[in-house]
>>> print(open('protein.cif').read())   # mmCIF, C-alpha atoms
data_start
#
loop_
_atom_site.label_atom_id
_atom_site.label_comp_id
_atom_site.auth_asym_id
_atom_site.auth_seq_id
_atom_site.Cartn_x
_atom_site.Cartn_y
_atom_site.Cartn_z
CA MET A 1 103.28 137.67 60.63
CA LEU A 2 102.64 139.23 64.07
CA THR A 3 104.23 142.63 64.61
CA ASN A 4 104.58 144.36 67.95
CA GLN A 5 105.73 147.98 67.77
CA ASN A 6 107.28 149.50 70.89
CA GLY A 7 108.54 153.06 70.43
CA ASN A 8 111.16 153.10 67.67
CA ASP A 9 111.78 149.34 67.94
CA ILE A 10 109.81 146.86 65.87
CA TYR A 11 109.75 143.22 66.97
CA SER A 12 108.43 140.72 64.43
CA PHE A 13 107.52 137.16 65.26
CA ASN A 14 106.67 134.66 62.54
CA ILE A 15 104.66 132.02 64.36
CA ASP A 16 104.42 129.71 61.33
CA LYS A 17 108.20 129.65 60.91
CA PHE A 18 108.67 129.09 64.65
CA TYR A 19 106.34 126.05 64.67
CA ARG A 20 107.95 124.57 61.51
CA ASN A 21 111.41 124.88 63.02
CA TYR A 22 110.21 123.50 66.35
CA LEU A 23 108.83 120.36 64.66
CA LYS A 24 112.13 119.85 62.82
CA GLY A 25 114.17 120.32 65.98
CA PRO A 26 115.33 117.62 68.41
CA SER A 27 112.79 116.02 70.74
CA LEU A 28 114.27 115.95 74.24
CA PHE A 29 111.27 114.77 76.26
CA ARG A 30 110.10 111.17 76.38
CA LYS A 31 107.47 111.62 79.14
CA ARG A 32 107.16 115.27 80.15
CA GLU A 33 104.56 114.62 82.88
CA ALA A 34 107.19 112.70 84.89
CA LEU A 35 108.51 116.10 86.00
CA GLU A 36 105.13 117.24 87.31
CA PRO A 37 104.56 117.16 91.11
CA SER A 38 101.38 115.11 90.57
CA PHE A 39 103.30 112.25 88.90
CA ILE A 40 103.74 109.27 91.24
CA PRO A 41 106.79 107.13 90.29
CA ASP A 42 107.26 103.47 91.23
CA GLU A 43 109.83 104.55 93.81
CA LEU A 44 109.92 107.51 96.23
CA PRO A 45 113.54 108.08 97.29
CA HIS A 46 114.29 109.20 100.86
CA ARG A 47 110.75 108.78 102.14
CA ASN A 48 110.97 105.22 103.52
CA SER A 49 110.33 106.29 107.11
CA GLU A 50 107.22 108.30 106.21
CA ILE A 51 105.91 105.53 103.92
CA GLU A 52 106.40 103.00 106.73
CA LYS A 53 104.46 105.14 109.22
CA ILE A 54 101.52 105.80 106.88
CA ALA A 55 101.45 102.15 105.79
CA GLY A 56 101.36 101.10 109.45
CA ILE A 57 98.42 103.40 110.23
CA THR A 58 96.38 102.45 107.15
CA ALA A 59 97.17 98.70 107.05
CA CYS A 60 94.09 97.76 109.10
CA ALA A 61 91.94 98.81 106.09
CA LEU A 62 93.16 95.59 104.40
CA LYS A 63 91.13 93.65 106.97
CA GLY A 64 88.11 95.92 106.79
CA ASP A 65 88.88 97.95 109.90
CA VAL A 66 88.85 101.76 109.99
CA PRO A 67 92.23 103.50 110.36
CA PRO A 68 92.47 106.45 112.78
CA ASN A 69 92.54 110.05 111.57
CA PHE A 70 96.06 111.50 111.29
CA LEU A 71 98.04 114.50 110.05
CA CYS A 72 101.08 114.98 107.80
CA TYR A 73 103.20 118.11 108.32
CA GLY A 74 106.02 119.55 106.26
CA MET A 75 107.08 122.49 104.13
CA THR A 76 106.06 122.79 100.48
CA GLY A 77 107.80 120.26 98.24
CA THR A 78 108.66 117.71 100.92
CA GLY A 79 106.60 114.93 99.32
CA LYS A 80 103.58 114.82 101.65
CA THR A 81 100.86 114.45 99.02
CA ALA A 82 103.01 112.23 96.79
CA THR A 83 103.70 109.87 99.71
CA VAL A 84 100.02 109.61 100.65
CA ARG A 85 99.10 108.91 97.00
CA TYR A 86 101.92 106.36 96.73
CA VAL A 87 100.66 104.47 99.81
CA SER A 88 97.07 104.62 98.49
CA GLN A 89 98.15 102.93 95.24
CA LYS A 90 100.04 100.21 97.10
CA LEU A 91 97.13 99.66 99.49
CA ALA A 92 94.75 99.21 96.54
CA GLN A 93 97.06 96.58 95.01
CA HIS A 94 96.83 94.45 98.15
CA CYS A 95 93.08 94.89 98.71
CA THR A 96 91.38 92.04 96.86
CA ASN A 97 87.98 92.56 98.51
CA ASN A 98 86.31 95.90 99.12
CA PRO A 99 89.23 98.18 98.09
CA PRO A 100 89.20 101.50 99.96
CA TRP A 101 88.07 104.74 98.35
CA TRP A 102 90.35 107.78 98.30
CA ILE A 103 88.92 111.27 97.89
CA TYR A 104 91.39 114.16 97.63
CA ILE A 105 90.26 117.68 98.51
CA ASN A 106 92.56 120.60 97.72
CA CYS A 107 91.48 123.12 100.36
CA THR A 108 93.02 126.04 98.46
CA VAL A 109 90.38 125.40 95.76
CA VAL A 110 87.54 123.72 97.69
CA SER A 111 87.44 125.63 100.96
CA THR A 112 83.84 126.16 102.14
CA PRO A 113 81.82 123.58 104.10
CA TYR A 114 79.19 123.45 101.32
CA ARG A 115 81.73 122.90 98.53
CA ILE A 116 83.65 120.26 100.50
CA LEU A 117 80.54 118.17 101.10
CA ALA A 118 79.45 118.65 97.47
CA HIS A 119 82.94 117.69 96.22
CA ILE A 120 82.95 114.45 98.22
CA TYR A 121 79.45 113.57 97.00
CA ASN A 122 80.17 114.37 93.34
CA THR A 123 83.49 112.48 93.40
CA ILE A 124 81.79 109.32 94.66
CA VAL A 125 78.98 109.61 92.11
CA GLY A 126 81.45 110.41 89.31
CA ARG A 127 79.63 113.49 88.03
CA GLU A 128 78.38 116.84 89.31
CA LYS A 129 75.06 115.99 90.88
CA ILE A 130 75.20 118.49 93.76
CA PRO A 131 75.18 122.08 92.40
CA ALA A 132 77.85 124.60 93.37
CA THR A 133 75.30 126.49 95.49
CA GLY A 134 71.65 126.34 96.46
CA LEU A 135 71.08 123.51 98.93
CA PRO A 136 71.16 123.65 102.74
CA LYS A 137 74.29 122.02 104.20
CA ASP A 138 72.26 119.62 106.35
CA VAL A 139 70.48 118.35 103.22
CA ILE A 140 73.80 117.69 101.45
CA LEU A 141 75.17 115.97 104.55
CA LYS A 142 72.15 113.68 104.75
CA LYS A 143 72.51 112.83 101.05
CA LEU A 144 76.24 112.17 101.51
CA LEU A 145 75.73 109.83 104.46
CA GLY A 146 73.19 107.84 102.43
CA LEU A 147 75.53 107.68 99.43
CA LEU A 148 78.50 106.49 101.52
CA ASP A 149 76.50 103.57 102.90
CA GLN A 150 74.93 102.80 99.53
CA LYS A 151 77.98 103.13 97.25
CA VAL A 152 81.09 102.66 99.40
CA LYS A 153 79.23 100.13 101.58
CA ASN A 154 81.55 98.04 103.78
CA SER A 155 84.75 99.70 102.57
CA VAL A 156 86.82 102.47 104.11
CA CYS A 157 86.65 105.93 102.52
CA PHE A 158 89.78 108.03 103.06
CA LEU A 159 89.15 111.78 102.96
CA VAL A 160 92.46 113.54 102.25
CA LEU A 161 92.37 117.25 103.06
CA ASP A 162 95.38 118.83 101.34
CA GLU A 163 96.35 122.28 102.72
CA ILE A 164 93.96 121.64 105.60
CA ASP A 165 95.21 124.76 107.44
CA ILE A 166 93.41 126.93 104.86
CA LEU A 167 90.09 125.84 106.36
CA ILE A 168 90.90 127.38 109.74
CA GLU A 169 90.97 130.86 108.18
CA LYS A 170 87.58 130.35 106.56
CA LYS A 171 84.16 130.77 108.12
CA GLY A 172 82.88 127.38 109.21
CA GLY A 173 86.32 125.74 108.99
CA ASN A 174 86.22 124.18 112.45
CA GLU A 175 82.61 123.17 111.86
CA ILE A 176 83.31 121.17 108.69
CA LEU A 177 86.37 119.49 110.23
CA TYR A 178 84.28 118.46 113.23
CA THR A 179 81.59 117.09 110.88
CA LEU A 180 84.06 115.09 108.76
CA THR A 181 85.85 113.58 111.75
CA ARG A 182 82.51 112.45 113.26
CA LEU A 183 80.90 110.96 110.12
CA ASN A 184 81.31 107.38 111.40
CA GLU A 185 78.82 108.03 114.17
CA SER A 186 76.07 108.49 111.54
CA LEU A 187 77.07 105.68 109.15
CA ASP A 188 75.78 102.09 109.19
CA LEU A 189 78.10 100.33 106.72
CA CYS A 190 80.83 102.64 105.43
CA ARG A 191 83.66 103.94 107.61
CA THR A 192 85.70 107.08 106.93
CA SER A 193 89.21 108.17 107.89
CA VAL A 194 90.44 111.78 107.59
CA ILE A 195 94.04 112.50 106.57
CA GLY A 196 95.11 116.14 106.93
CA ILE A 197 98.10 117.55 105.03
CA SER A 198 99.54 120.90 106.09
CA ASN A 199 102.56 123.14 105.48
CA LYS A 200 102.11 124.78 108.89
CA LEU A 201 103.33 122.93 111.96
CA LYS A 202 101.42 125.18 114.36
CA PHE A 203 98.02 125.17 112.68
CA MET A 204 96.60 122.77 115.31
CA GLU A 205 96.87 125.61 117.84
CA TYR A 206 94.02 127.39 116.06
CA LEU A 207 91.66 124.41 115.98
CA ASP A 208 88.63 123.98 118.18
CA SER A 209 89.43 121.52 121.01
CA ARG A 210 86.62 119.20 119.83
CA VAL A 211 88.26 118.95 116.39
CA THR A 212 91.76 118.48 117.82
CA SER A 213 90.76 115.39 119.80
CA ASN A 214 89.13 113.81 116.72
CA LEU A 215 91.77 114.74 114.15
CA ASP A 216 94.95 114.10 116.10
CA GLU A 217 94.35 110.41 116.92
CA GLU A 218 97.88 109.41 115.86
CA GLU A 219 101.28 111.06 116.28
CA PRO A 220 101.63 113.53 113.39
CA ILE A 221 104.00 112.47 110.59
CA VAL A 222 106.58 115.19 109.96
CA PHE A 223 108.23 115.46 106.53
CA HIS A 224 111.64 117.10 106.75
CA PRO A 225 113.05 119.13 103.80
CA TYR A 226 115.26 117.32 101.30
CA ASN A 227 118.97 118.18 101.13
CA ALA A 228 120.82 118.74 97.84
CA ASN A 229 121.99 115.11 97.54
CA GLU A 230 118.49 113.77 98.16
CA LEU A 231 117.03 116.15 95.57
CA ALA A 232 119.67 115.00 93.08
CA ASP A 233 118.57 111.37 93.61
CA ILE A 234 114.93 112.35 93.00
CA LEU A 235 115.84 114.24 89.81
CA LYS A 236 117.98 111.38 88.46
CA LEU A 237 115.07 108.98 88.88
CA ARG A 238 112.57 111.34 87.22
CA ALA A 239 115.00 112.35 84.44
CA LYS A 240 115.33 108.71 83.33
CA ILE A 241 111.58 108.62 82.80
CA ALA A 242 111.13 112.16 81.43
CA PHE A 243 114.00 112.52 78.91
CA HIS A 244 115.59 110.51 76.16
CA GLU A 245 118.92 108.99 77.10
CA GLY A 246 122.10 111.06 76.95
CA ILE A 247 120.63 114.56 76.56
CA ILE A 248 121.40 115.98 80.03
CA GLU A 249 124.88 117.47 80.39
CA GLU A 250 126.82 116.53 83.52
CA GLY A 251 126.27 119.14 86.21
CA VAL A 252 122.67 119.98 85.27
CA ILE A 253 121.06 117.67 87.86
CA LYS A 254 123.47 118.87 90.56
CA LEU A 255 122.76 122.54 89.74
CA CYS A 256 118.96 122.06 89.84
CA ALA A 257 119.24 120.22 93.17
CA GLY A 258 121.55 122.86 94.66
CA LEU A 259 119.28 125.77 93.68
CA ALA A 260 116.19 124.02 95.08
CA ALA A 261 118.01 123.03 98.30
CA ARG A 262 118.53 126.74 99.02
CA GLU A 263 114.74 127.16 99.11
CA HIS A 264 114.05 124.80 102.01
CA GLY A 265 114.67 121.57 100.04
CA ASP A 266 111.67 122.00 97.76
CA ALA A 267 111.39 119.00 95.40
CA ARG A 268 108.69 120.78 93.38
CA LYS A 269 111.13 123.61 92.67
CA ALA A 270 113.82 121.12 91.60
CA LEU A 271 111.42 119.36 89.22
CA GLN A 272 110.16 122.69 87.86
CA LEU A 273 113.72 123.86 87.18
CA LEU A 274 114.65 120.70 85.29
CA ARG A 275 111.43 120.70 83.26
CA LYS A 276 111.74 124.38 82.35
CA ALA A 277 115.43 123.96 81.45
CA GLY A 278 114.43 121.12 79.11
CA GLU A 279 111.72 123.26 77.52
CA ILE A 280 114.13 126.17 76.97
CA ALA A 281 116.69 123.84 75.36
CA GLU A 282 114.03 122.28 73.12
CA ARG A 283 112.67 125.68 72.02
CA ASN A 284 116.21 126.82 71.17
CA GLN A 285 116.76 123.71 69.00
CA ASN A 286 119.54 122.43 71.30
CA LYS A 287 120.31 118.73 71.40
CA LYS A 288 121.37 118.76 75.06
CA ILE A 289 120.24 120.42 78.27
CA LEU A 290 123.07 122.60 79.58
CA GLU A 291 123.71 124.48 82.82
CA LYS A 292 122.97 127.77 81.04
CA HIS A 293 119.43 126.50 80.39
CA VAL A 294 118.99 125.90 84.14
CA GLU A 295 120.22 129.44 84.87
CA ASN A 296 117.73 130.89 82.38
CA ALA A 297 114.97 128.72 83.85
CA GLN A 298 115.80 130.07 87.33
CA LYS A 299 115.43 133.67 86.10
CA ASP A 300 112.03 132.92 84.52
CA ILE A 301 110.76 131.15 87.65
CA ASP A 302 111.89 133.98 89.94
CA LYS A 303 109.85 136.46 87.91
CA ASP A 304 106.68 134.41 88.10
CA HIS A 305 107.14 133.15 91.66
CA ILE A 306 106.64 136.47 93.45
CA VAL A 307 103.44 137.35 91.59
CA GLU A 308 102.00 133.84 91.88
CA TYR A 309 102.83 133.62 95.59
CA MET A 310 101.16 136.94 96.45
CA ILE A 311 98.00 136.11 94.48
CA SER A 312 97.68 132.64 96.05
CA MET A 313 98.17 133.83 99.65
CA PRO A 314 95.18 133.73 102.04
CA LEU A 315 93.33 137.06 102.29
CA GLN A 316 94.60 137.64 105.85
CA ALA A 317 98.21 137.32 104.64
CA GLN A 318 97.44 139.68 101.74
CA LEU A 319 96.05 142.19 104.25
CA ALA A 320 99.20 141.87 106.36
CA LEU A 321 101.27 142.61 103.24
CA THR A 322 98.91 145.51 102.42
CA ALA A 323 99.54 146.94 105.90
CA ILE A 324 103.31 146.80 105.32
CA PHE A 325 102.89 148.38 101.88
CA LEU A 326 100.78 151.25 103.27
CA LEU A 327 103.25 151.95 106.09
CA SER A 328 106.09 152.00 103.52
CA LYS A 329 104.08 154.11 101.06
CA TYR A 330 103.20 157.08 103.25
CA THR A 331 106.48 157.60 105.03
CA ARG A 332 110.08 156.67 104.38
CA GLU A 333 111.23 157.65 107.86
CA HIS A 334 108.79 155.54 109.88
CA ILE A 335 110.31 152.33 111.30
CA ILE A 336 107.79 149.55 110.74
CA THR A 337 107.34 147.23 113.72
CA SER A 338 105.20 144.12 114.13
CA GLY A 339 102.96 146.18 116.46
CA ASP A 340 102.39 148.73 113.68
CA ILE A 341 101.38 145.95 111.29
CA TYR A 342 98.92 144.57 113.84
CA GLU A 343 97.33 148.03 114.24
CA VAL A 344 97.01 148.68 110.50
CA HIS A 345 95.84 145.12 109.80
CA SER A 346 93.06 145.63 112.37
CA GLU A 347 92.00 148.86 110.64
CA LEU A 348 91.92 147.11 107.27
CA THR A 349 89.82 144.17 108.55
CA ASN A 350 87.28 146.68 109.88
CA LYS A 351 86.84 147.93 106.33
CA VAL A 352 86.24 144.48 104.80
CA PRO A 353 82.95 142.80 105.87
CA GLY A 354 83.24 139.22 107.06
CA VAL A 355 86.97 139.32 107.80
CA LYS A 356 87.83 138.76 111.45
CA GLN A 357 90.58 140.51 113.39
CA LEU A 358 93.59 138.39 114.24
CA THR A 359 95.66 138.10 117.40
CA HIS A 360 99.19 139.50 117.73
CA ARG A 361 100.50 135.94 117.58
CA ARG A 362 98.72 135.15 114.31
CA ILE A 363 100.00 138.37 112.73
CA SER A 364 103.50 137.39 113.86
CA ASP A 365 103.04 134.03 112.07
CA TYR A 366 102.10 135.83 108.84
CA ILE A 367 105.11 138.13 109.18
CA ASN A 368 107.36 135.07 109.50
CA GLU A 369 105.78 133.50 106.41
CA LEU A 370 106.22 136.69 104.38
CA ALA A 371 109.86 136.82 105.48
CA LEU A 372 110.43 133.18 104.53
CA SER A 373 108.97 133.85 101.09
CA GLY A 374 111.42 136.73 100.55
CA LEU A 375 108.75 139.42 100.24
CA ILE A 376 109.94 141.22 103.38
CA THR A 377 112.80 141.22 105.85
CA ALA A 378 111.96 140.90 109.55
CA ASN A 379 114.82 141.44 111.97
CA THR A 380 114.31 141.18 115.73
CA ARG A 381 115.72 144.18 117.61
CA SER A 382 115.96 145.01 121.30
CA MET A 383 114.02 148.16 122.25
CA GLY A 384 115.48 148.47 125.77
CA HIS A 385 112.90 148.35 128.55
CA TYR A 386 110.16 148.13 125.85
CA GLY A 387 111.34 144.60 125.08
CA ARG A 388 112.12 143.03 121.69
CA THR A 389 110.22 143.57 118.46
CA LYS A 390 110.52 142.81 114.75
CA ILE A 391 111.62 145.59 112.38
CA ILE A 392 110.04 145.02 108.98
CA ASN A 393 111.01 146.24 105.51
CA LEU A 394 109.66 145.43 102.07
CA ASP A 395 112.25 143.36 100.23
CA ILE A 396 110.78 143.79 96.73
CA GLU A 397 109.76 146.82 94.68
CA SER A 398 106.71 148.56 96.14
CA GLU A 399 105.41 149.16 92.60
CA LEU A 400 105.24 145.39 92.03
CA VAL A 401 103.47 144.88 95.37
CA GLU A 402 100.91 147.56 94.50
CA ARG A 403 100.33 146.13 91.04
CA VAL A 404 99.69 142.62 92.36
CA LEU A 405 97.61 143.65 95.39
CA SER A 406 95.41 145.81 93.15
CA GLN A 407 94.33 142.57 91.42
CA ILE A 408 92.91 141.16 94.69
CA LYS A 409 89.15 141.72 94.49
CA LYS A 410 88.44 142.69 98.12
CA ILE A 411 91.49 144.96 98.31
CA GLN A 412 90.37 146.62 95.09
CA ASP A 413 86.65 146.79 96.00
CA TYR A 414 87.27 148.53 99.33
CA LYS A 415 90.05 150.79 97.96
CA LEU A 416 92.47 149.64 100.66
CA LEU A 417 95.57 150.71 98.72
CA ASN A 418 94.50 154.36 99.06
CA TYR A 419 93.91 154.13 102.81
CA LYS A 420 96.22 156.08 105.11
CA PRO A 421 96.75 154.32 108.49
CA ILE A 422 95.63 156.26 111.58
CA LEU A 423 99.08 156.19 113.17
CA LEU A 424 100.33 158.18 110.15
CA GLN A 425 97.45 160.68 110.20
CA THR A 426 98.65 163.81 111.99
CA ASP A 427 95.13 165.02 112.84
CA LYS A 428 93.94 161.82 114.54
CA VAL A 429 94.86 159.72 117.55
CA LYS A 430 93.78 156.23 118.59
CA VAL A 431 93.08 155.44 122.26
CA LYS A 432 91.85 151.98 123.30
CA ASN A 433 90.69 151.20 119.76
CA ILE A 434 88.67 154.44 119.56
CA VAL A 435 89.77 157.06 117.02
CA PHE A 436 89.65 160.71 118.14
CA LYS A 437 90.30 163.86 116.17
CA LYS A 438 93.08 165.98 117.65
CA LEU A 439 91.86 169.35 118.99
CA ILE A 440 95.30 170.93 119.02
#
>>> encode(input="protein.cif", output="structure tokens")
Amino acid sequence: MLTNQNGNDIYSFNIDKFYRNYLKGPSLFRKREALEPSFIPDELPHRNSEIEKIAGITACALKGDVPPNFLCYGMTGTGKTATVRYVSQKLAQHCTNNPPWWIYINCTVVSTPYRILAHIYNTIVGREKIPATGLPKDVILKKLLGLLDQKVKNSVCFLVLDEIDILIEKKGGNEILYTLTRLNESLDLCRTSVIGISNKLKFMEYLDSRVTSNLDEEEPIVFHPYNANELADILKLRAKIAFHEGIIEEGVIKLCAGLAAREHGDARKALQLLRKAGEIAERNQNKKILEKHVENAQKDIDKDHIVEYMISMPLQAQLALTAIFLLSKYTREHIITSGDIYEVHSELTNKVPGVKQLTHRRISDYINELALSGLITANTRSMGHYGRTKIINLDIESELVERVLSQIKKIQDYKLLNYKPILLQTDKVKVKNIVFKKLI
């Protein structure tokens, strides 16, 4: 018996009884992993056009030729990675001789030049032979080139960079992209093709021109968000695989699709809702998944989503949010503009070693992303002869923002949450990026 005492209330949870009852209860799932984003079904509804384009670009690998590098764009949950994986499986089925290699690199996890080269090497070898740190990058690159010719030989090796835009915000990002897109110049047998996947349509604007010419060899493939009807088709297909027959009440699929369609047609959200609704029904010993289970699943997801999103954001976006938090914290009367956020963000980057200052345009991009995520509101307002600017407000509790940001190591290490921006300090003034103390 586990007892948790909170004030005058005592909550008791008997874990043994819970597990016994759970085992006796109905089993709703037949194949739970079919509702995971990583699951690739035999059919991808409403992605025929994108499949056709990728198949057309990669088809020359069947004859031993090297496909050009290309990019896939689209918001989260639009099926970019699933479509690339689907095509890779089909390509392998039709390659009788020298099937191509596919190496997937999640740039949110593997984001430094060293780790990317090591990941490619270790994936080909099948075990961790290159350590996480310790070798010069040129040594790893030389080893990798030798391995590609020795192991992959006359085949094509596809290097899929998922969330490729993350690299641009990292030191050496342009350098590693330039290296990967020019590998063929140093190979004798193997040939490589780079496929970039990004949620940000404008990320190419921040690339070095040398990388752009190598990476953008084909017209980018744009994945548009799913609508509610398309999401319903996807869920029906997955539900047949994931659940036993006859356990989903009519209206559940439509509700999951409708809720996900509100959030930019995110198929991942739709799948997550249906899976979580099934888990709630199963835990409650229900024989069917009802609409009320979807509503409860939505509440649970909303709680976790905000925290998870803030923690997973790039550091520059977290600093932009920190700037908004600080401006909100120290004064209720101050109207927060995009220019204010740029000023405070610049002050914060000066306090964190190794973090570069961003342009007004890049800060504006982060403000738009924070607004899309629901963390802030950003309304454009005319300021007369001063032009137009964005007026920003936090759209969630500042206590929650502070609690999450305090978990970010660099924000915590440099005590950024206790910093008072210069424009709110009454005894200081900033002129041409130089801070002066007021004499009167």
>>> atom_distance(input="protein.cif", atom1="CA of Thr76 (chain A)", atom2="CA of Thr349 (chain A)")
28.0 Å
>>> residues_around(input="protein.cif", residues="Ile221 (chain A)", least_positions_apart="3", cutoff="9 Å", atoms="all atoms listed in the file", output="number ranges by chain")
A: 50, 53-54, 70-74, 218
>>> residues_around(input="protein.cif", residues="Leu235 (chain A)", least_positions_apart="3", cutoff="7 Å", atoms="only C-alpha atoms", output="list in words")
Leu231, Ala232, Arg238, Ala239, Ile253 and Leu271 of chain A
>>> resolve_selection(input="protein.cif", expression="the PyMOL selection byres ((chain A and resi 357) around 12)", output="list in words")
Glu169, Leu315, Gln316, Leu319, Ala320, Tyr342, Glu343, Val344, His345, Ser346, Glu347, Leu348, Thr349, Asn350, Lys351, Val352, Pro353, Gly354, Val355, Lys356, Leu358, Thr359, His360, Arg361, Arg362 and Ile363 of chain A
>>> closest_residue(input="protein.cif", among="A:Ala281, A:Val152, A:Ala228, A:Leu183", to="Ala261 (chain A)", atoms="only C-alpha atoms")
A:Ala228
>>> resolve_selection(input="protein.cif", expression="the PyMOL selection byres ((chain A and resi 165) around 10)", output="number ranges by chain")
A: 107-108, 161-164, 166-170, 173, 196-204, 206-207
>>> closest_residue(input="protein.cif", among="A:Asn21, A:Ser111, A:Thr322, A:Thr123", to="Ile176 (chain A)", atoms="only C-alpha atoms")
A:Ser111
>>> atom_distance(input="protein.cif", atom1="CA of Glu250 (chain A)", atom2="CA of Phe223 (chain A)")
29.6 Å
>>> atom_distance(input="protein.cif", atom1="CA of Glu263 (chain A)", atom2="CA of Val109 (chain A)")
24.7 Å
>>> resolve_selection(input="protein.cif", expression="the PyMOL selection byres ((chain A and resi 292-300) around 9)", output="PDB file with C-alpha atoms, in the coordinates of the input")
ATOM      1  CA  VAL A 252     122.670 119.980  85.270  1.00  0.00           C
ATOM      2  CA  LEU A 255     122.760 122.540  89.740  1.00  0.00           C
ATOM      3  CA  CYS A 256     118.960 122.060  89.840  1.00  0.00           C
ATOM      4  CA  LEU A 259     119.280 125.770  93.680  1.00  0.00           C
ATOM      5  CA  GLN A 272     110.160 122.690  87.860  1.00  0.00           C
ATOM      6  CA  LEU A 273     113.720 123.860  87.180  1.00  0.00           C
ATOM      7  CA  LEU A 274     114.650 120.700  85.290  1.00  0.00           C
ATOM      8  CA  ARG A 275     111.430 120.700  83.260  1.00  0.00           C
ATOM      9  CA  LYS A 276     111.740 124.380  82.350  1.00  0.00           C
ATOM     10  CA  ALA A 277     115.430 123.960  81.450  1.00  0.00           C
ATOM     11  CA  GLY A 278     114.430 121.120  79.110  1.00  0.00           C
ATOM     12  CA  GLU A 279     111.720 123.260  77.520  1.00  0.00           C
ATOM     13  CA  ILE A 280     114.130 126.170  76.970  1.00  0.00           C
ATOM     14  CA  ALA A 281     116.690 123.840  75.360  1.00  0.00           C
ATOM     15  CA  ILE A 289     120.240 120.420  78.270  1.00  0.00           C
ATOM     16  CA  LEU A 290     123.070 122.600  79.580  1.00  0.00           C
ATOM     17  CA  GLU A 291     123.710 124.480  82.820  1.00  0.00           C
ATOM     18  CA  ILE A 301     110.760 131.150  87.650  1.00  0.00           C
ATOM     19  CA  ASP A 302     111.890 133.980  89.940  1.00  0.00           C
ATOM     20  CA  LYS A 303     109.850 136.460  87.910  1.00  0.00           C
ATOM     21  CA  ASP A 304     106.680 134.410  88.100  1.00  0.00           C
ATOM     22  CA  HIS A 305     107.140 133.150  91.660  1.00  0.00           C
TER      23      HIS A 305
END
>>> decode(input="protein.cif", residues="region 26-36 of chain A", atoms="N, CA, C and O atoms", output="PDB file, in the first residue's frame")
ATOM      1  N   PRO A  26     -10.714  -5.596 -19.983  1.00  0.00           N
ATOM      2  CA  PRO A  26     -10.704  -5.834 -21.431  1.00  0.00           C
ATOM      3  C   PRO A  26      -9.408  -5.348 -22.076  1.00  0.00           C
ATOM      4  O   PRO A  26      -8.810  -4.363 -21.640  1.00  0.00           O
ATOM      5  N   SER A  27      -8.968  -6.055 -23.101  1.00  0.00           N
ATOM      6  CA  SER A  27      -7.781  -5.655 -23.856  1.00  0.00           C
ATOM      7  C   SER A  27      -8.255  -4.991 -25.145  1.00  0.00           C
ATOM      8  O   SER A  27      -8.845  -5.640 -26.006  1.00  0.00           O
ATOM      9  N   LEU A  28      -8.019  -3.696 -25.246  1.00  0.00           N
ATOM     10  CA  LEU A  28      -8.512  -2.936 -26.395  1.00  0.00           C
ATOM     11  C   LEU A  28      -7.512  -2.898 -27.548  1.00  0.00           C
ATOM     12  O   LEU A  28      -7.891  -2.856 -28.711  1.00  0.00           O
ATOM     13  N   PHE A  29      -6.229  -2.909 -27.220  1.00  0.00           N
ATOM     14  CA  PHE A  29      -5.194  -2.772 -28.251  1.00  0.00           C
ATOM     15  C   PHE A  29      -4.800  -4.124 -28.843  1.00  0.00           C
ATOM     16  O   PHE A  29      -4.661  -5.115 -28.130  1.00  0.00           O
ATOM     17  N   ARG A  30      -4.645  -4.121 -30.155  1.00  0.00           N
ATOM     18  CA  ARG A  30      -4.115  -5.298 -30.850  1.00  0.00           C
ATOM     19  C   ARG A  30      -2.650  -5.054 -31.222  1.00  0.00           C
ATOM     20  O   ARG A  30      -1.814  -5.938 -31.119  1.00  0.00           O
ATOM     21  N   LYS A  31      -2.340  -3.818 -31.660  1.00  0.00           N
ATOM     22  CA  LYS A  31      -0.965  -3.449 -32.026  1.00  0.00           C
ATOM     23  C   LYS A  31      -0.793  -1.970 -31.707  1.00  0.00           C
ATOM     24  O   LYS A  31      -0.981  -1.105 -32.560  1.00  0.00           O
ATOM     25  N   ARG A  32      -0.425  -1.683 -30.465  1.00  0.00           N
ATOM     26  CA  ARG A  32      -0.358  -0.317 -29.958  1.00  0.00           C
ATOM     27  C   ARG A  32       0.609   0.560 -30.762  1.00  0.00           C
ATOM     28  O   ARG A  32       0.363   1.734 -30.978  1.00  0.00           O
ATOM     29  N   GLU A  33       1.722  -0.027 -31.235  1.00  0.00           N
ATOM     30  CA  GLU A  33       2.727   0.773 -31.936  1.00  0.00           C
ATOM     31  C   GLU A  33       2.221   1.333 -33.269  1.00  0.00           C
ATOM     32  O   GLU A  33       2.857   2.213 -33.857  1.00  0.00           O
ATOM     33  N   ALA A  34       1.077   0.841 -33.751  1.00  0.00           N
ATOM     34  CA  ALA A  34       0.515   1.372 -35.001  1.00  0.00           C
ATOM     35  C   ALA A  34       0.058   2.817 -34.855  1.00  0.00           C
ATOM     36  O   ALA A  34      -0.158   3.509 -35.863  1.00  0.00           O
ATOM     37  N   LEU A  35      -0.070   3.295 -33.616  1.00  0.00           N
ATOM     38  CA  LEU A  35      -0.467   4.686 -33.377  1.00  0.00           C
ATOM     39  C   LEU A  35       0.729   5.570 -33.052  1.00  0.00           C
ATOM     40  O   LEU A  35       0.550   6.729 -32.671  1.00  0.00           O
ATOM     41  N   GLU A  36       1.937   5.028 -33.198  1.00  0.00           N
ATOM     42  CA  GLU A  36       3.142   5.827 -32.999  1.00  0.00           C
ATOM     43  C   GLU A  36       3.530   6.501 -34.320  1.00  0.00           C
ATOM     44  O   GLU A  36       3.350   5.917 -35.390  1.00  0.00           O
TER      45      GLU A  36
END
